[in-house]
Amino acid sequence: MKEALLLQAQYNQFANANMIAIFKKASKELLYKDCGLYYGSIMQTAEHILCSDIGIMLGRFRAFSSKTLEEVEAILQTLNPDHRLQSAIYEDIEAFGRLRSQVDSKIITLIESIEDFKSVDTLTFPGVEFKKPRGFFILALLNHATHHRGQIAGALDILNIENDFNGMLGM
(Lines give C-alpha, C1' and ligand atoms only; values in the text may rest on other atoms or scores of the structure.)
Protein backbone atom coordinates (compact mmCIF):
# COMPACT_ATOMS: atom_id res chain seq x y z
CA MET A 1 0.00 0.00 0.00
CA LYS A 2 2.71 2.47 0.99
CA GLU A 3 4.55 2.03 -2.32
CA ALA A 4 1.40 2.75 -4.37
CA LEU A 5 0.52 5.78 -2.24
CA LEU A 6 4.04 7.15 -2.57
CA LEU A 7 3.92 6.71 -6.34
CA GLN A 8 0.62 8.62 -6.50
CA ALA A 9 1.97 11.37 -4.21
CA GLN A 10 5.12 11.68 -6.33
CA TYR A 11 2.97 11.85 -9.45
CA ASN A 12 0.87 14.61 -7.87
CA GLN A 13 4.06 16.51 -7.04
CA PHE A 14 5.23 16.14 -10.66
CA ALA A 15 1.86 17.13 -12.16
CA ASN A 16 1.40 20.05 -9.77
CA ALA A 17 4.86 21.44 -10.58
CA ASN A 18 4.10 21.26 -14.29
CA MET A 19 0.66 22.82 -13.76
CA ILE A 20 2.16 25.73 -11.82
CA ALA A 21 4.74 26.25 -14.58
CA ILE A 22 1.85 26.67 -17.03
CA PHE A 23 0.10 29.07 -14.65
CA LYS A 24 3.22 31.25 -14.50
CA LYS A 25 3.13 31.68 -18.29
CA ALA A 26 -0.63 32.29 -18.53
CA SER A 27 -2.56 35.52 -18.23
CA LYS A 28 -3.57 36.19 -14.65
CA GLU A 29 -6.89 37.46 -15.98
CA LEU A 30 -7.68 34.09 -17.57
CA LEU A 31 -6.56 32.08 -14.53
CA TYR A 32 -8.84 34.01 -12.16
CA LYS A 33 -11.77 34.37 -14.57
CA ASP A 34 -14.89 32.31 -13.79
CA CYS A 35 -14.92 29.76 -16.59
CA GLY A 36 -17.79 27.64 -15.34
CA LEU A 37 -15.88 25.06 -13.34
CA TYR A 38 -17.52 23.79 -10.17
CA TYR A 39 -15.26 26.11 -8.16
CA GLY A 40 -15.48 28.88 -10.77
CA SER A 41 -12.03 29.75 -12.05
CA ILE A 42 -8.91 27.74 -12.72
CA MET A 43 -7.26 29.32 -9.67
CA GLN A 44 -10.26 28.67 -7.43
CA THR A 45 -10.10 25.02 -8.46
CA ALA A 46 -6.33 24.88 -7.83
CA GLU A 47 -6.96 26.55 -4.47
CA HIS A 48 -9.56 23.90 -3.60
CA ILE A 49 -7.04 21.13 -4.29
CA LEU A 50 -4.34 22.84 -2.22
CA CYS A 51 -6.64 23.64 0.70
CA SER A 52 -7.88 20.04 0.80
CA ASP A 53 -4.31 18.79 0.82
CA ILE A 54 -3.41 21.18 3.62
CA GLY A 55 -6.51 20.85 5.78
CA ILE A 56 -7.32 17.18 5.39
CA MET A 57 -4.15 15.43 4.27
CA LEU A 58 -1.66 17.32 6.42
CA GLY A 59 -4.04 18.59 9.08
CA ARG A 60 -5.86 15.36 9.80
CA PHE A 61 -3.48 12.58 8.75
CA ARG A 62 -0.33 13.99 10.36
CA ALA A 63 -1.66 12.41 13.57
CA PHE A 64 -0.73 9.02 12.10
CA SER A 65 2.86 9.95 11.32
CA SER A 66 5.55 8.11 13.25
CA LYS A 67 7.52 11.36 13.52
CA THR A 68 6.90 15.07 13.92
CA LEU A 69 6.48 16.74 10.55
CA GLU A 70 8.34 20.02 10.68
CA GLU A 71 6.74 23.15 9.20
CA VAL A 72 3.24 21.63 9.06
CA GLU A 73 1.93 24.07 11.67
CA ALA A 74 3.15 26.98 9.55
CA ILE A 75 1.51 25.46 6.47
CA LEU A 76 -1.77 25.05 8.34
CA GLN A 77 -1.63 28.76 9.21
CA THR A 78 -1.91 29.63 5.50
CA LEU A 79 -5.60 28.64 5.67
CA ASN A 80 -8.27 31.08 6.76
CA PRO A 81 -11.08 29.89 9.09
CA ASP A 82 -13.24 29.32 5.98
CA HIS A 83 -10.62 26.82 4.71
CA ARG A 84 -9.46 29.09 1.91
CA LEU A 85 -5.97 30.43 1.39
CA GLN A 86 -4.82 33.75 2.70
CA SER A 87 -5.40 36.22 -0.14
CA ALA A 88 -1.71 37.17 -0.36
CA ILE A 89 -0.93 33.57 -1.35
CA TYR A 90 -4.01 33.00 -3.51
CA GLU A 91 -3.44 36.16 -5.54
CA ASP A 92 0.31 35.62 -6.10
CA ILE A 93 1.13 32.75 -8.49
CA GLU A 94 4.74 32.61 -7.22
CA ALA A 95 3.66 32.32 -3.57
CA PHE A 96 0.94 29.84 -4.52
CA GLY A 97 3.52 27.72 -6.38
CA ARG A 98 5.96 27.76 -3.46
CA LEU A 99 3.24 26.64 -1.04
CA ARG A 100 2.02 23.96 -3.48
CA SER A 101 5.57 22.60 -3.74
CA GLN A 102 6.05 22.64 0.03
CA VAL A 103 2.75 20.81 0.61
CA ASP A 104 3.57 18.16 -2.01
CA SER A 105 6.90 17.46 -0.30
CA LYS A 106 5.24 17.21 3.12
CA ILE A 107 2.61 14.79 1.79
CA ILE A 108 5.38 12.48 0.56
CA THR A 109 7.15 12.74 3.93
CA LEU A 110 3.85 12.04 5.69
CA ILE A 111 3.15 8.89 3.66
CA GLU A 112 6.73 7.68 4.19
CA SER A 113 6.27 8.06 7.95
CA ILE A 114 2.96 6.21 8.30
CA GLU A 115 3.24 2.57 9.31
CA ASP A 116 -0.43 1.60 9.62
CA PHE A 117 -2.62 1.98 6.55
CA LYS A 118 -5.19 -0.63 7.57
CA SER A 119 -6.77 0.91 10.66
CA VAL A 120 -10.28 2.19 10.04
CA ASP A 121 -10.81 5.90 10.55
CA THR A 122 -13.77 8.22 10.19
CA LEU A 123 -13.81 11.29 8.01
CA THR A 124 -16.78 13.60 8.47
CA PHE A 125 -18.04 16.36 6.21
CA PRO A 126 -21.29 18.29 6.58
CA GLY A 127 -24.07 15.78 6.10
CA VAL A 128 -21.90 12.72 5.46
CA GLU A 129 -19.55 10.43 7.35
CA PHE A 130 -17.11 7.91 5.88
CA LYS A 131 -15.51 4.96 7.69
CA LYS A 132 -12.66 3.45 5.71
CA PRO A 133 -9.13 2.14 6.14
CA ARG A 134 -6.60 4.95 6.48
CA GLY A 135 -4.83 3.98 3.26
CA PHE A 136 -8.11 4.25 1.35
CA PHE A 137 -8.64 7.80 2.62
CA ILE A 138 -5.13 8.81 1.58
CA LEU A 139 -5.61 7.28 -1.87
CA ALA A 140 -8.98 9.03 -2.26
CA LEU A 141 -7.42 12.39 -1.34
CA LEU A 142 -4.53 11.88 -3.74
CA ASN A 143 -7.01 10.95 -6.48
CA HIS A 144 -9.09 14.03 -5.62
CA ALA A 145 -6.22 16.20 -6.87
CA THR A 146 -6.03 14.25 -10.13
CA HIS A 147 -9.75 14.74 -10.70
CA HIS A 148 -9.58 18.51 -10.27
CA ARG A 149 -6.36 18.87 -12.29
CA GLY A 150 -8.29 17.21 -15.12
CA GLN A 151 -10.92 19.94 -14.84
CA ILE A 152 -8.16 22.55 -14.93
CA ALA A 153 -6.60 20.93 -18.01
CA GLY A 154 -9.97 20.99 -19.77
CA ALA A 155 -10.49 24.66 -18.92
CA LEU A 156 -6.98 25.49 -20.18
CA ASP A 157 -7.77 23.63 -23.42
CA ILE A 158 -10.95 25.69 -23.89
CA LEU A 159 -8.93 28.87 -23.29
CA ASN A 160 -6.35 27.71 -25.88
CA ILE A 161 -3.59 27.56 -23.27
CA GLU A 162 -1.29 24.69 -24.15
CA ASN A 163 -0.96 22.19 -21.32
CA ASP A 164 0.14 18.62 -20.85
CA PHE A 165 0.87 18.20 -17.15
CA ASN A 166 -1.26 15.21 -16.21
CA GLY A 167 0.68 12.29 -17.72
CA MET A 168 2.07 9.87 -15.14
CA LEU A 169 4.17 8.13 -17.78
CA GLY A 170 6.16 11.34 -18.26
CA MET A 171 7.60 11.36 -14.78
# chains A, B, ... in the order shown; residues from 1 in each chain; ligands from 1

call {"tool": "select_by_dssp", "arguments": {"residues": "range 47-113 of chain A", "states": "alpha helix (DSSP H)", "output": "MDAnalysis selection string"}}
result
chainID A and resid 47:52 59:61 72:76 87:90 93:113

call {"tool": "select_by_dssp", "arguments": {"residues": "range 69-165 of chain A", "states": "strand (DSSP E)", "output": "count of residues only"}}
result
12

call {"tool": "closest_residue", "arguments": {"among": "A:Cys51, A:Ala15, A:Ile114, A:Ile42", "to": "Asp82 in chain A", "atoms": "only C-alpha atoms"}}
result
A:Cys51

call {"tool": "residues_around", "arguments": {"residues": "Phe96 in chain A", "least_positions_apart": "4", "cutoff": "12 Å", "atoms": "only C-alpha atoms", "output": "mmCIF file with N, CA and C atoms, in the first residue's frame"}}
result
data_model
loop_
_atom_site.group_PDB
_atom_site.id
_atom_site.type_symbol
_atom_site.label_atom_id
_atom_site.label_comp_id
_atom_site.auth_asym_id
_atom_site.auth_seq_id
_atom_site.Cartn_x
_atom_site.Cartn_y
_atom_site.Cartn_z
ATOM 1 N N ASN A 16 1.626 18.721 -10.335
ATOM 2 C CA ASN A 16 1.400 20.054 -9.768
ATOM 3 C C ASN A 16 2.500 21.029 -10.177
ATOM 4 N N ALA A 17 3.743 20.572 -10.166
ATOM 5 C CA ALA A 17 4.856 21.443 -10.575
ATOM 6 C C ALA A 17 4.688 21.865 -12.026
ATOM 7 N N MET A 19 1.835 21.964 -13.697
ATOM 8 C CA MET A 19 0.656 22.824 -13.763
ATOM 9 C C MET A 19 1.015 24.255 -13.360
ATOM 10 N N ILE A 20 1.762 24.396 -12.278
ATOM 11 C CA ILE A 20 2.161 25.731 -11.816
ATOM 12 C C ILE A 20 3.036 26.414 -12.862
ATOM 13 N N ALA A 21 3.901 25.671 -13.531
ATOM 14 C CA ALA A 21 4.743 26.255 -14.584
ATOM 15 C C ALA A 21 3.874 26.841 -15.698
ATOM 16 N N PHE A 23 0.751 27.896 -15.244
ATOM 17 C CA PHE A 23 0.101 29.075 -14.648
ATOM 18 C C PHE A 23 0.997 30.303 -14.739
ATOM 19 N N LYS A 24 2.287 30.118 -14.508
ATOM 20 C CA LYS A 24 3.217 31.246 -14.502
ATOM 21 C C LYS A 24 3.348 31.899 -15.877
ATOM 22 N N MET A 43 -7.955 29.110 -10.934
ATOM 23 C CA MET A 43 -7.259 29.322 -9.665
ATOM 24 C C MET A 43 -8.108 28.917 -8.467
ATOM 25 N N GLN A 44 -9.414 29.125 -8.537
ATOM 26 C CA GLN A 44 -10.262 28.672 -7.427
ATOM 27 C C GLN A 44 -10.242 27.146 -7.325
ATOM 28 N N ALA A 46 -7.674 25.213 -8.354
ATOM 29 C CA ALA A 46 -6.333 24.884 -7.834
ATOM 30 C C ALA A 46 -6.266 25.159 -6.329
ATOM 31 N N GLU A 47 -6.910 26.225 -5.897
ATOM 32 C CA GLU A 47 -6.961 26.547 -4.470
ATOM 33 C C GLU A 47 -7.706 25.450 -3.706
ATOM 34 N N ILE A 49 -7.932 22.289 -4.411
ATOM 35 C CA ILE A 49 -7.037 21.125 -4.289
ATOM 36 C C ILE A 49 -6.029 21.367 -3.160
ATOM 37 N N LEU A 50 -5.381 22.517 -3.202
ATOM 38 C CA LEU A 50 -4.342 22.839 -2.221
ATOM 39 C C LEU A 50 -4.906 22.899 -0.805
ATOM 40 N N CYS A 51 -6.046 23.529 -0.643
ATOM 41 C CA CYS A 51 -6.639 23.636 0.696
ATOM 42 C C CYS A 51 -7.060 22.273 1.233
ATOM 43 N N ILE A 75 2.330 25.689 7.666
ATOM 44 C CA ILE A 75 1.513 25.457 6.466
ATOM 45 C C ILE A 75 0.035 25.570 6.814
ATOM 46 N N THR A 78 -1.620 28.949 6.763
ATOM 47 C CA THR A 78 -1.914 29.632 5.498
ATOM 48 C C THR A 78 -3.401 29.576 5.157
ATOM 49 N N LEU A 85 -7.301 29.876 1.190
ATOM 50 C CA LEU A 85 -5.966 30.431 1.389
ATOM 51 C C LEU A 85 -6.009 31.898 1.744
ATOM 52 N N GLN A 86 -4.995 32.326 2.461
ATOM 53 C CA GLN A 86 -4.819 33.754 2.696
ATOM 54 C C GLN A 86 -4.712 34.432 1.323
ATOM 55 N N SER A 87 -5.339 35.575 1.171
ATOM 56 C CA SER A 87 -5.405 36.219 -0.139
ATOM 57 C C SER A 87 -4.023 36.538 -0.711
ATOM 58 N N ALA A 88 -3.052 36.852 0.125
ATOM 59 C CA ALA A 88 -1.709 37.170 -0.365
ATOM 60 C C ALA A 88 -1.094 35.976 -1.091
ATOM 61 N N ILE A 89 -1.436 34.770 -0.681
ATOM 62 C CA ILE A 89 -0.930 33.567 -1.351
ATOM 63 C C ILE A 89 -1.789 33.265 -2.572
ATOM 64 N N TYR A 90 -3.096 33.320 -2.413
ATOM 65 C CA TYR A 90 -4.011 33.003 -3.514
ATOM 66 C C TYR A 90 -3.804 33.928 -4.707
ATOM 67 N N GLU A 91 -3.543 35.173 -4.463
ATOM 68 C CA GLU A 91 -3.442 36.163 -5.536
ATOM 69 C C GLU A 91 -2.046 36.269 -6.152
ATOM 70 N N ASP A 92 -1.075 35.551 -5.623
ATOM 71 C CA ASP A 92 0.309 35.615 -6.098
ATOM 72 C C ASP A 92 0.713 34.221 -6.586
ATOM 73 N N ARG A 100 2.412 25.234 -2.854
ATOM 74 C CA ARG A 100 2.017 23.964 -3.484
ATOM 75 C C ARG A 100 3.181 22.987 -3.428
ATOM 76 N N SER A 101 4.373 23.439 -3.754
ATOM 77 C CA SER A 101 5.568 22.598 -3.739
ATOM 78 C C SER A 101 5.884 22.100 -2.324
ATOM 79 N N GLN A 102 5.787 22.994 -1.366
ATOM 80 C CA GLN A 102 6.055 22.643 0.029
ATOM 81 C C GLN A 102 5.053 21.590 0.513
ATOM 82 N N VAL A 103 3.788 21.764 0.182
ATOM 83 C CA VAL A 103 2.748 20.815 0.606
ATOM 84 C C VAL A 103 2.981 19.461 -0.049
#

call {"tool": "residues_around", "arguments": {"residues": "range 4-12 of chain A", "least_positions_apart": "2", "cutoff": "12 Å", "atoms": "only C-alpha atoms", "output": "number ranges by chain"}}
result
A: 1-2, 14-20, 49-50, 53, 57, 100-101, 103-114, 117, 134-150, 165-171

call {"tool": "atom_distance", "arguments": {"atom1": "CA of Asn163 in chain A", "atom2": "CA of Ile22 in chain A"}}
result
6.8 Å

call {"tool": "atom_distance", "arguments": {"atom1": "CA of Leu58 in chain A", "atom2": "CA of Gln13 in chain A"}}
result
14.7 Å

call {"tool": "residues_around", "arguments": {"residues": "Ser41 in chain A", "least_positions_apart": "2", "cutoff": "12 Å", "atoms": "only C-alpha atoms", "output": "VMD selection string"}}
result
chain A and resid 28 to 39 43 to 48 148 151 to 156 159

call {"tool": "atom_distance", "arguments": {"atom1": "CA of Leu79 in chain A", "atom2": "CA of Leu99 in chain A"}}
result
11.3 Å

call {"tool": "closest_residue", "arguments": {"among": "A:Arg84, A:Arg60, A:Lys25, A:Arg98", "to": "Leu123 in chain A", "atoms": "only C-alpha atoms"}}
result
A:Arg60
